[in-house]
Amino acid sequence: MKLSSPMEIWKYLPGTNCGECGEKTCLAFASHLKERSTRLEECTPLFEDEKYADKGKQLAELLAPEIREIEIGVGARAAKIGGEDVMYRHELTFYNRTALAYDVWDTMEEGELRERVRRITNWRKFYVGEFLTLDAIAVRSVSGDARTFAACVKAVAEETDLPLVLCSFDAKVLEEGLKVVADKNPLLYAADKTNWKEVLELVKSYNVPVTLFSPDLDMLNSLALTFSSAGVEDLVLDPGVSPAGEWLADTFSKFVRIRRVGIEEGDKEVAYPLMSVPMTAWMIHGDALDASYWEAVLAAMGIIKYADIMILHSIEPHSLIAERTLVENIYTDPRRPVSVEPGLREVGTPTGHSPLFLTTNFALTYYTVESDLSSNKIDSYLIVVDSEGIGVEAAVAGEQLTAERIKETLESYEAENKVEHKTLVIPGLAARLSGETEDATGWTVLVGPRDSGRIPGWMDDNWPPE
Amino acid sequence: MEKKLTLADLARILEQYDVVELEDVTIKGEVELELGSSAGLALPPVLAQALQSLMGVRERPETLEAKKIEALLPATFKVAKAEWAGEIEEVTIGATSADGGTRERTVTIGGEKSLPFYNFDAQMPHPPVISVDCFDMPIPLAKAVREYYGDVMEDPGEWAKKNVREFGADMVTIHLISTDPTIKDTPARAAARTVEEVLQAVKVPIVIGGSGNPDKDPEVLEAAAEAAEGERCLIASANLNMDYERIAKAALKHGHVILSWTQLDINAQKTLNRYLFKLGVPREDIVIDPTTAALGYGLDYAFTNIERMRISALKGDTDLAFPISCGITNAWGAREAWMKDSPSKEDSDWGPAAYRGQMYEILTGLTLGLAGGDMFMMMHPNAASTVKKVTQTLFGAKVKEDKAKRVAIEDWVTWDAEVGALKK
């Protein structure tokens, strides 16, 4: 955005402190706009009262993110990409997470194709209170035949509500695929220096977003300028991913430099979402496991340094879990609190004979333990110690989790009124505190497993206590 | 002889010669036009434009929108270089006989004047290095790691040797964990002998790590520093919760580099570093460890903490301008790295644990390398070699085999997974 402080934003607001937006003052609303934690549309007078119309329009432009935000797909699983405002996440936050698109191709046997699409569509993994899922499916034209491609796209669209990326450098092939999913807002891949005229016409008549490809950045810039001058603004730029050697270092530099121009230099010509294609790793590796690791390496570079959407090949669990988790880590809002409230929680419907587990108030630790207990249907109490938002192992080392603090926590939340056995289960990673804790609290201390995922097995051997 | 052209003739000629633009063309004389009435005559866009401008007709916005662009608009991609005021300290670990030690080589890290691998701003002076871990007693390890070390776990010297000979370690870290009173309470003198054994076994620079017990570590690391006199080891580590003064003084007295460790706290890191300056520790004897958290288990905090420190240092904060060490082995603490199946019944299948562990270690390492890490303490040999390869590549080292691997990158679109080769 072009405005650097809430005061600058405030100048464009009505200044009446009417409260329509839910904030008490226009300045408070301006602060939220600066942090991108509210939407300008919440200020209804700005759009309904004609005397503010000009200011409203100007402000909308000034608040627009530096990198254009575009949407691919339709419906609940449509994905927004781009819309970024900063080079480093701590300066504010990164906004729209890197969309991970996994590939299918038109020479696949139909049953296999449909199965792969379903796996990508339905994949999920629990993480910090919610399920992670994947974002898109890239359909590649390997046959080069337009009708084969269209049939493949049709089958894919029947199996998934994920956004699609249609991939071919042949505009005729793209068009046949596009006809099948014209109402689904797919992303086209790609226009380049040879086919751009045909693809431009296609994009104009179907009104869909399109990727521009060129490893030559002058050419990429030229393509972007040409498309935007023709009124096509939903663009994604792919400078190409070279999977190895000096060309890989060059790839890295391109992503950084394009984003730098867009954000730091405010040059709109290339201020579009970027695409990375880590699956080029497969073109240099014979062994599938090696290829999957190198693909993840290229993916990590893209996730951290400015790719807004990427196309990947391996849908093996080790690839999906690691890549999607890294996206979550990098795109999590750093302003999000690290900790949860300390206290005594109930999981399921515990009784006086249910176990009492202890954990720290680091949000990630808490949600992990809570989910392990509830997903395995273990009725229990969970006492959450204020470890200043630090996880168990580090908190033991840093003395944010001590016998004394455990004692205070047991007392202040009156744990002895909840359980009759006066037995506390501490995390395996806090084992070294067991003796001191028994001395300090007078409770019996049992050392649980080092990972709460093993609580079910631990319960079989250790609960109820002798 | 003058030849008369009709508008239709002109249109045909322009079309015939593929003219897309008329430059410096003026149409003189009396022009009578009845545009729109010439049925069947499609004016080429260039001619229509020339005629419109002649008649002073402004193109309507819709016309502009619908305008067919016939050639790419030229553009040049330009970007400024980032210049920073600060510079990261250059630190050398290990001493050869020329400097009073017995190492065959040394490693130097730091010296950056730009963000990691931003060679387009300023060439990174040294690539990150990898120190492979070994321990002074057999420890519980994930199955995927144990298969590499099962035969050497009883002997730290052999373990260290294997790290260098078989796994190409730039350095070796010996963790004296058995000294922890709650583990084996091995005396400091015995721990010092283990350090001597490791120094005998390998000729690369070494890192000497304590058990992490704040009460015992000062004594252990002091004895180890004395035993390793002159070898310029990295002593790991001093932190605010312990008698860091004793450790710093031992490192200073016996000629070692000190690792200044804090827990994800930029201000604590500045504070501890200033305490070390006060004790007289030279700047070139300090490496910092701002704490590594694993992928999925706080990596976001570790990444941003390191990235912020590195940016502050480049902006000129000399309290933070030190090479950064990352304990990437922490990645194995992530349950996804070792657990057989997901504890959550609703997760998709996790696949073989053996594939996940090294993936977690690789991505944790590379992520922190991109944040500013200069040195990675690692465990799994394949993870170590993969992180080494990618960081070397980004650093700009020439990797021989890659010459053959230049590919037409856009061919992924038609890549045939069935045959695993490029389809022509």
# chains A, B, ... in the order shown; residues from 1 in each chain; ligands from 1

call {"tool": "residues_around", "arguments": {"residues": "range 376-387 of chain A", "least_positions_apart": "6", "cutoff": "10 Å", "atoms": "only C-alpha atoms", "output": "PyMOL selection string"}}
result
(chain A and resi 339-362+366+369-370+394-396+398-402+405-410+413+415+418-419+424-426+453+455-456+459) or (chain B and resi 343-345)

call {"tool": "write_last_selection", "arguments": {"atoms": "C-alpha atoms", "output": "PDB file, in the first residue's frame"}}
result
ATOM      1  CA  SER A 339       0.635 -18.640  23.586  1.00  0.00           C
ATOM      2  CA  VAL A 340      -2.736 -19.788  24.859  1.00  0.00           C
ATOM      3  CA  GLU A 341      -4.236 -18.916  28.244  1.00  0.00           C
ATOM      4  CA  PRO A 342      -2.919 -21.029  31.092  1.00  0.00           C
ATOM      5  CA  GLY A 343      -5.583 -22.953  32.992  1.00  0.00           C
ATOM      6  CA  LEU A 344      -7.192 -26.310  33.633  1.00  0.00           C
ATOM      7  CA  ARG A 345      -9.038 -27.693  30.585  1.00  0.00           C
ATOM      8  CA  GLU A 346     -11.351 -30.642  30.252  1.00  0.00           C
ATOM      9  CA  VAL A 347     -10.999 -33.021  27.320  1.00  0.00           C
ATOM     10  CA  GLY A 348     -14.113 -35.118  26.681  1.00  0.00           C
ATOM     11  CA  THR A 349     -16.057 -35.839  29.893  1.00  0.00           C
ATOM     12  CA  PRO A 350     -13.493 -36.504  32.628  1.00  0.00           C
ATOM     13  CA  THR A 351     -14.299 -37.775  36.134  1.00  0.00           C
ATOM     14  CA  GLY A 352     -12.336 -37.737  39.363  1.00  0.00           C
ATOM     15  CA  HIS A 353     -10.522 -40.874  38.190  1.00  0.00           C
ATOM     16  CA  SER A 354      -9.407 -39.491  34.828  1.00  0.00           C
ATOM     17  CA  PRO A 355      -5.733 -38.685  34.280  1.00  0.00           C
ATOM     18  CA  LEU A 356      -4.378 -35.159  34.678  1.00  0.00           C
ATOM     19  CA  PHE A 357      -1.826 -34.236  32.018  1.00  0.00           C
ATOM     20  CA  LEU A 358       0.436 -31.236  32.127  1.00  0.00           C
ATOM     21  CA  THR A 359       1.605 -29.150  29.208  1.00  0.00           C
ATOM     22  CA  THR A 360       2.888 -25.650  28.453  1.00  0.00           C
ATOM     23  CA  ASN A 361       1.034 -22.685  27.032  1.00  0.00           C
ATOM     24  CA  PHE A 362       3.010 -22.576  23.758  1.00  0.00           C
ATOM     25  CA  TYR A 366      -1.116 -27.063  23.578  1.00  0.00           C
ATOM     26  CA  VAL A 369      -1.595 -32.358  23.025  1.00  0.00           C
ATOM     27  CA  GLU A 370      -5.243 -31.387  23.087  1.00  0.00           C
ATOM     28  CA  ALA A 394      13.085 -25.361  25.651  1.00  0.00           C
ATOM     29  CA  ALA A 395      11.100 -24.235  28.695  1.00  0.00           C
ATOM     30  CA  VAL A 396      12.780 -26.845  30.895  1.00  0.00           C
ATOM     31  CA  GLY A 398      15.303 -22.039  29.981  1.00  0.00           C
ATOM     32  CA  GLU A 399      13.611 -22.484  33.365  1.00  0.00           C
ATOM     33  CA  GLN A 400      10.252 -21.171  32.233  1.00  0.00           C
ATOM     34  CA  LEU A 401       8.865 -24.566  33.282  1.00  0.00           C
ATOM     35  CA  THR A 402       9.954 -25.377  36.828  1.00  0.00           C
ATOM     36  CA  ARG A 405       5.696 -22.949  38.598  1.00  0.00           C
ATOM     37  CA  ILE A 406       3.948 -26.309  38.336  1.00  0.00           C
ATOM     38  CA  LYS A 407       3.054 -26.032  42.018  1.00  0.00           C
ATOM     39  CA  GLU A 408       1.627 -22.525  41.575  1.00  0.00           C
ATOM     40  CA  THR A 409      -0.422 -23.662  38.602  1.00  0.00           C
ATOM     41  CA  LEU A 410      -1.866 -26.707  40.378  1.00  0.00           C
ATOM     42  CA  TYR A 413      -6.554 -23.782  39.262  1.00  0.00           C
ATOM     43  CA  ALA A 415      -6.486 -29.241  40.509  1.00  0.00           C
ATOM     44  CA  LYS A 418     -10.908 -32.165  40.218  1.00  0.00           C
ATOM     45  CA  VAL A 419      -9.068 -35.458  40.569  1.00  0.00           C
ATOM     46  CA  LEU A 424       0.121 -35.657  37.728  1.00  0.00           C
ATOM     47  CA  VAL A 425       1.418 -36.825  34.339  1.00  0.00           C
ATOM     48  CA  ILE A 426       4.240 -34.609  33.097  1.00  0.00           C
ATOM     49  CA  GLY A 453       1.016 -38.831  20.167  1.00  0.00           C
ATOM     50  CA  ILE A 455      -0.264 -41.158  25.096  1.00  0.00           C
ATOM     51  CA  PRO A 456      -2.729 -43.884  23.953  1.00  0.00           C
ATOM     52  CA  MET A 459      -2.182 -45.250  28.939  1.00  0.00           C
TER      53      MET A 459
ATOM     54  CA  PRO B 343      -1.885 -40.022  16.060  1.00  0.00           C
ATOM     55  CA  SER B 344      -4.807 -38.184  14.484  1.00  0.00           C
ATOM     56  CA  LYS B 345      -7.261 -40.664  13.018  1.00  0.00           C
TER      57      LYS B 345
END

call {"tool": "closest_atom_pairs", "arguments": {"of": "chain A", "to": "chain B", "cutoff": "6 Å", "atoms": "only C-alpha atoms", "output": "Markdown table"}}
result
| residue | atom | partner | partner_atom | distance |
| --- | --- | --- | --- | --- |
| A:Trp123 | CA | B:Ser348 | CA | 5.7 |
| A:Arg124 | CA | B:Ser348 | CA | 5.5 |
| A:Lys125 | CA | B:Asp347 | CA | 4.7 |
| A:Arg140 | CA | B:Val413 | CA | 5.7 |
| A:Val142 | CA | B:Thr414 | CA | 4.2 |
| A:Leu217 | CA | B:Phe77 | CA | 5.9 |
| A:Asp218 | CA | B:Thr76 | CA | 4.7 |
| A:Asn221 | CA | B:Ala75 | CA | 5.9 |
| A:Ser222 | CA | B:Ala75 | CA | 4.7 |
| A:Thr226 | CA | B:Leu73 | CA | 5.3 |
| A:Gly245 | CA | B:Asp402 | CA | 5.2 |
| A:Ala249 | CA | B:Leu394 | CA | 4.7 |
| A:Val261 | CA | B:Val79 | CA | 5.9 |
| A:Thr280 | CA | B:Trp412 | CA | 5.9 |
| A:Pro317 | CA | B:Trp350 | CA | 5.3 |
| A:His318 | CA | B:Arg356 | CA | 4.8 |
| A:Thr325 | CA | B:Gly296 | CA | 5.9 |
| A:Asn329 | CA | B:Asp300 | CA | 4.9 |
| A:Ile330 | CA | B:Asp300 | CA | 5.8 |
| A:Ser375 | CA | B:Ser344 | CA | 5.8 |
| A:Gly453 | CA | B:Pro343 | CA | 5.2 |

call {"tool": "write_last_selection", "arguments": {"atoms": "C-alpha atoms", "output": "compact mmCIF listing (two decimals), in the first residue's frame"}}
result
# COMPACT_ATOMS: atom_id res chain seq x y z
CA TRP A 123 -5.63 -34.88 1.30
CA ARG A 124 -5.51 -33.36 4.74
CA LYS A 125 -3.39 -33.14 7.83
CA ARG A 140 -0.58 -30.99 -18.29
CA VAL A 142 1.60 -34.34 -22.63
CA LEU A 217 13.32 -10.95 -17.65
CA ASP A 218 13.18 -8.24 -20.32
CA ASN A 221 8.47 -7.63 -18.47
CA SER A 222 7.52 -7.01 -22.08
CA THR A 226 1.72 -5.99 -23.39
CA GLY A 245 23.78 -25.52 -10.98
CA ALA A 249 21.26 -19.65 -8.31
CA VAL A 261 10.92 -4.28 -8.12
CA THR A 280 11.53 -29.45 -12.99
CA PRO A 317 2.96 -38.22 1.96
CA HIS A 318 6.49 -37.15 2.89
CA THR A 325 3.61 -27.44 6.66
CA ASN A 329 4.85 -21.76 8.88
CA ILE A 330 5.99 -19.03 6.51
CA SER A 375 -8.83 -37.56 18.68
CA GLY A 453 1.02 -38.83 20.17

call {"tool": "select_by_dssp", "arguments": {"residues": "range 91-168 of chain B", "states": "alpha helix (DSSP H)", "output": "PyMOL selection string"}}
result
chain B and resi 143-149+156-165

call {"tool": "select_by_dssp", "arguments": {"residues": "range 219-356 of chain A", "states": "strand (DSSP E)", "output": "list in words"}}
result
Leu235, Val236, Leu237, Asp238, Met275, Ser276, Ile309, Met310, Ile311, Leu312, Gly343, Leu344, Arg345, Glu346, Val347 and Leu356 of chain A

call {"tool": "atom_distance", "arguments": {"atom1": "CA of Met108 in chain A", "atom2": "CA of Glu198 in chain A"}}
result
27.3 Å

call {"tool": "residues_around", "arguments": {"residues": "Ile309 in chain A", "least_positions_apart": "2", "cutoff": "12 Å", "atoms": "only C-alpha atoms", "output": "PyMOL selection string"}}
result
chain A and resi 69-72+79-82+96-102+134-138+163-165+187+189+211+235-238+272-278+299+302-307+311-312+327

call {"tool": "atom_distance", "arguments": {"atom1": "CA of Ala225 in chain B", "atom2": "CA of Lys249 in chain B"}}
result
9.8 Å

call {"tool": "residues_around", "arguments": {"residues": "Pro128 in chain B", "least_positions_apart": "5", "cutoff": "7 Å", "atoms": "only C-alpha atoms", "output": "PyMOL selection string"}}
result
chain B and resi 109+374-375+391

call {"tool": "residues_around", "arguments": {"residues": "Ala190 in chain A", "least_positions_apart": "2", "cutoff": "9 Å", "atoms": "only C-alpha atoms", "output": "list in words"}}
result
Leu166, Cys167, Ser168, Phe169, Asp170, Ala171, Leu174, Leu187, Leu188, Asp192, Asn195, Trp196, Val199, Val210, Thr211, Leu212, Phe213 and Asp238 of chain A

call {"tool": "write_last_selection", "arguments": {"atoms": "N, CA and C atoms", "output": "PDB file, in the first residue's frame"}}
result
ATOM      1  N   LEU A 166      -4.427 -25.030 -16.364  1.00  0.00           N
ATOM      2  CA  LEU A 166      -4.387 -25.751 -17.635  1.00  0.00           C
ATOM      3  C   LEU A 166      -3.054 -25.467 -18.307  1.00  0.00           C
ATOM      4  N   CYS A 167      -2.274 -26.532 -18.560  1.00  0.00           N
ATOM      5  CA  CYS A 167      -0.889 -26.323 -18.985  1.00  0.00           C
ATOM      6  C   CYS A 167      -0.601 -26.832 -20.397  1.00  0.00           C
ATOM      7  N   SER A 168      -0.285 -25.900 -21.290  1.00  0.00           N
ATOM      8  CA  SER A 168       0.190 -26.228 -22.631  1.00  0.00           C
ATOM      9  C   SER A 168       0.701 -24.931 -23.259  1.00  0.00           C
ATOM     10  N   PHE A 169       1.666 -25.071 -24.174  1.00  0.00           N
ATOM     11  CA  PHE A 169       2.102 -23.870 -24.894  1.00  0.00           C
ATOM     12  C   PHE A 169       1.370 -23.736 -26.225  1.00  0.00           C
ATOM     13  N   ASP A 170       0.421 -24.668 -26.473  1.00  0.00           N
ATOM     14  CA  ASP A 170      -0.342 -24.627 -27.707  1.00  0.00           C
ATOM     15  C   ASP A 170      -1.716 -24.011 -27.405  1.00  0.00           C
ATOM     16  N   ALA A 171      -1.973 -22.842 -27.981  1.00  0.00           N
ATOM     17  CA  ALA A 171      -3.207 -22.117 -27.670  1.00  0.00           C
ATOM     18  C   ALA A 171      -4.441 -22.937 -28.049  1.00  0.00           C
ATOM     19  N   LEU A 174      -5.035 -25.360 -25.284  1.00  0.00           N
ATOM     20  CA  LEU A 174      -5.567 -24.625 -24.132  1.00  0.00           C
ATOM     21  C   LEU A 174      -7.042 -24.305 -24.340  1.00  0.00           C
ATOM     22  N   LEU A 187      -6.600 -21.124 -14.203  1.00  0.00           N
ATOM     23  CA  LEU A 187      -5.420 -20.338 -14.577  1.00  0.00           C
ATOM     24  C   LEU A 187      -4.804 -20.995 -15.812  1.00  0.00           C
ATOM     25  N   LEU A 188      -4.522 -20.197 -16.838  1.00  0.00           N
ATOM     26  CA  LEU A 188      -3.881 -20.753 -18.024  1.00  0.00           C
ATOM     27  C   LEU A 188      -2.369 -20.723 -17.870  1.00  0.00           C
ATOM     28  N   ASP A 192       3.909 -17.298 -23.975  1.00  0.00           N
ATOM     29  CA  ASP A 192       5.338 -16.992 -24.039  1.00  0.00           C
ATOM     30  C   ASP A 192       5.611 -16.125 -25.256  1.00  0.00           C
ATOM     31  N   ASN A 195       3.711 -17.697 -28.577  1.00  0.00           N
ATOM     32  CA  ASN A 195       2.263 -17.924 -28.708  1.00  0.00           C
ATOM     33  C   ASN A 195       1.404 -16.809 -28.127  1.00  0.00           C
ATOM     34  N   TRP A 196       2.040 -15.721 -27.673  1.00  0.00           N
ATOM     35  CA  TRP A 196       1.321 -14.754 -26.845  1.00  0.00           C
ATOM     36  C   TRP A 196       0.095 -14.156 -27.510  1.00  0.00           C
ATOM     37  N   VAL A 199      -2.784 -16.628 -27.229  1.00  0.00           N
ATOM     38  CA  VAL A 199      -3.210 -16.788 -25.828  1.00  0.00           C
ATOM     39  C   VAL A 199      -3.895 -15.524 -25.328  1.00  0.00           C
ATOM     40  N   VAL A 210      -4.037 -15.683 -16.489  1.00  0.00           N
ATOM     41  CA  VAL A 210      -3.064 -16.360 -17.355  1.00  0.00           C
ATOM     42  C   VAL A 210      -1.641 -16.192 -16.810  1.00  0.00           C
ATOM     43  N   THR A 211      -0.826 -17.219 -17.033  1.00  0.00           N
ATOM     44  CA  THR A 211       0.581 -17.173 -16.650  1.00  0.00           C
ATOM     45  C   THR A 211       1.408 -16.752 -17.858  1.00  0.00           C
ATOM     46  N   LEU A 212       2.384 -15.882 -17.626  1.00  0.00           N
ATOM     47  CA  LEU A 212       3.312 -15.486 -18.678  1.00  0.00           C
ATOM     48  C   LEU A 212       4.652 -16.132 -18.353  1.00  0.00           C
ATOM     49  N   PHE A 213       5.251 -16.759 -19.350  1.00  0.00           N
ATOM     50  CA  PHE A 213       6.510 -17.467 -19.100  1.00  0.00           C
ATOM     51  C   PHE A 213       7.637 -16.885 -19.926  1.00  0.00           C
ATOM     52  N   ASP A 238       5.980 -16.343 -14.592  1.00  0.00           N
ATOM     53  CA  ASP A 238       6.864 -17.490 -14.355  1.00  0.00           C
ATOM     54  C   ASP A 238       8.209 -17.245 -15.024  1.00  0.00           C
TER      55      ASP A 238
END

call {"tool": "residues_around", "arguments": {"residues": "range 96-102 of chain B", "least_positions_apart": "3", "cutoff": "12 Å", "atoms": "only C-alpha atoms", "output": "ChimeraX atom specification"}}
result
/B:92-93,105-107,196,199-206,228-233,254-256

call {"tool": "write_last_selection", "arguments": {"atoms": "C-alpha atoms", "output": "CSV table (one decimal), in the first residue's frame"}}
result
chain,number,residue,atom,x,y,z
B,92,THR,CA,37.4,-19.0,11.7
B,93,ILE,CA,37.0,-22.3,13.6
B,105,ARG,CA,42.0,-27.5,7.8
B,106,THR,CA,39.9,-24.7,9.2
B,107,VAL,CA,36.5,-23.4,8.3
B,196,GLU,CA,40.8,-35.6,23.3
B,199,LEU,CA,40.5,-34.5,18.3
B,200,GLN,CA,42.8,-37.5,17.8
B,201,ALA,CA,40.3,-39.3,15.6
B,202,VAL,CA,39.5,-36.5,13.1
B,203,LYS,CA,41.5,-33.6,11.6
B,204,VAL,CA,38.6,-31.3,10.9
B,205,PRO,CA,37.6,-28.5,13.3
B,206,ILE,CA,35.3,-29.6,16.1
B,228,ALA,CA,41.5,-28.9,23.6
B,229,GLU,CA,44.0,-26.0,24.1
B,230,GLY,CA,45.0,-24.3,20.9
B,231,GLU,CA,42.6,-26.2,18.6
B,232,ARG,CA,40.2,-23.2,18.3
B,233,CYS,CA,37.1,-25.3,18.8
B,254,HIS,CA,42.5,-21.7,25.8
B,255,GLY,CA,42.0,-20.0,22.4
B,256,HIS,CA,38.5,-21.1,21.4

call {"tool": "atom_distance", "arguments": {"atom1": "CA of Thr444 in chain A", "atom2": "CA of Trp463 in chain A"}}
result
13.1 Å
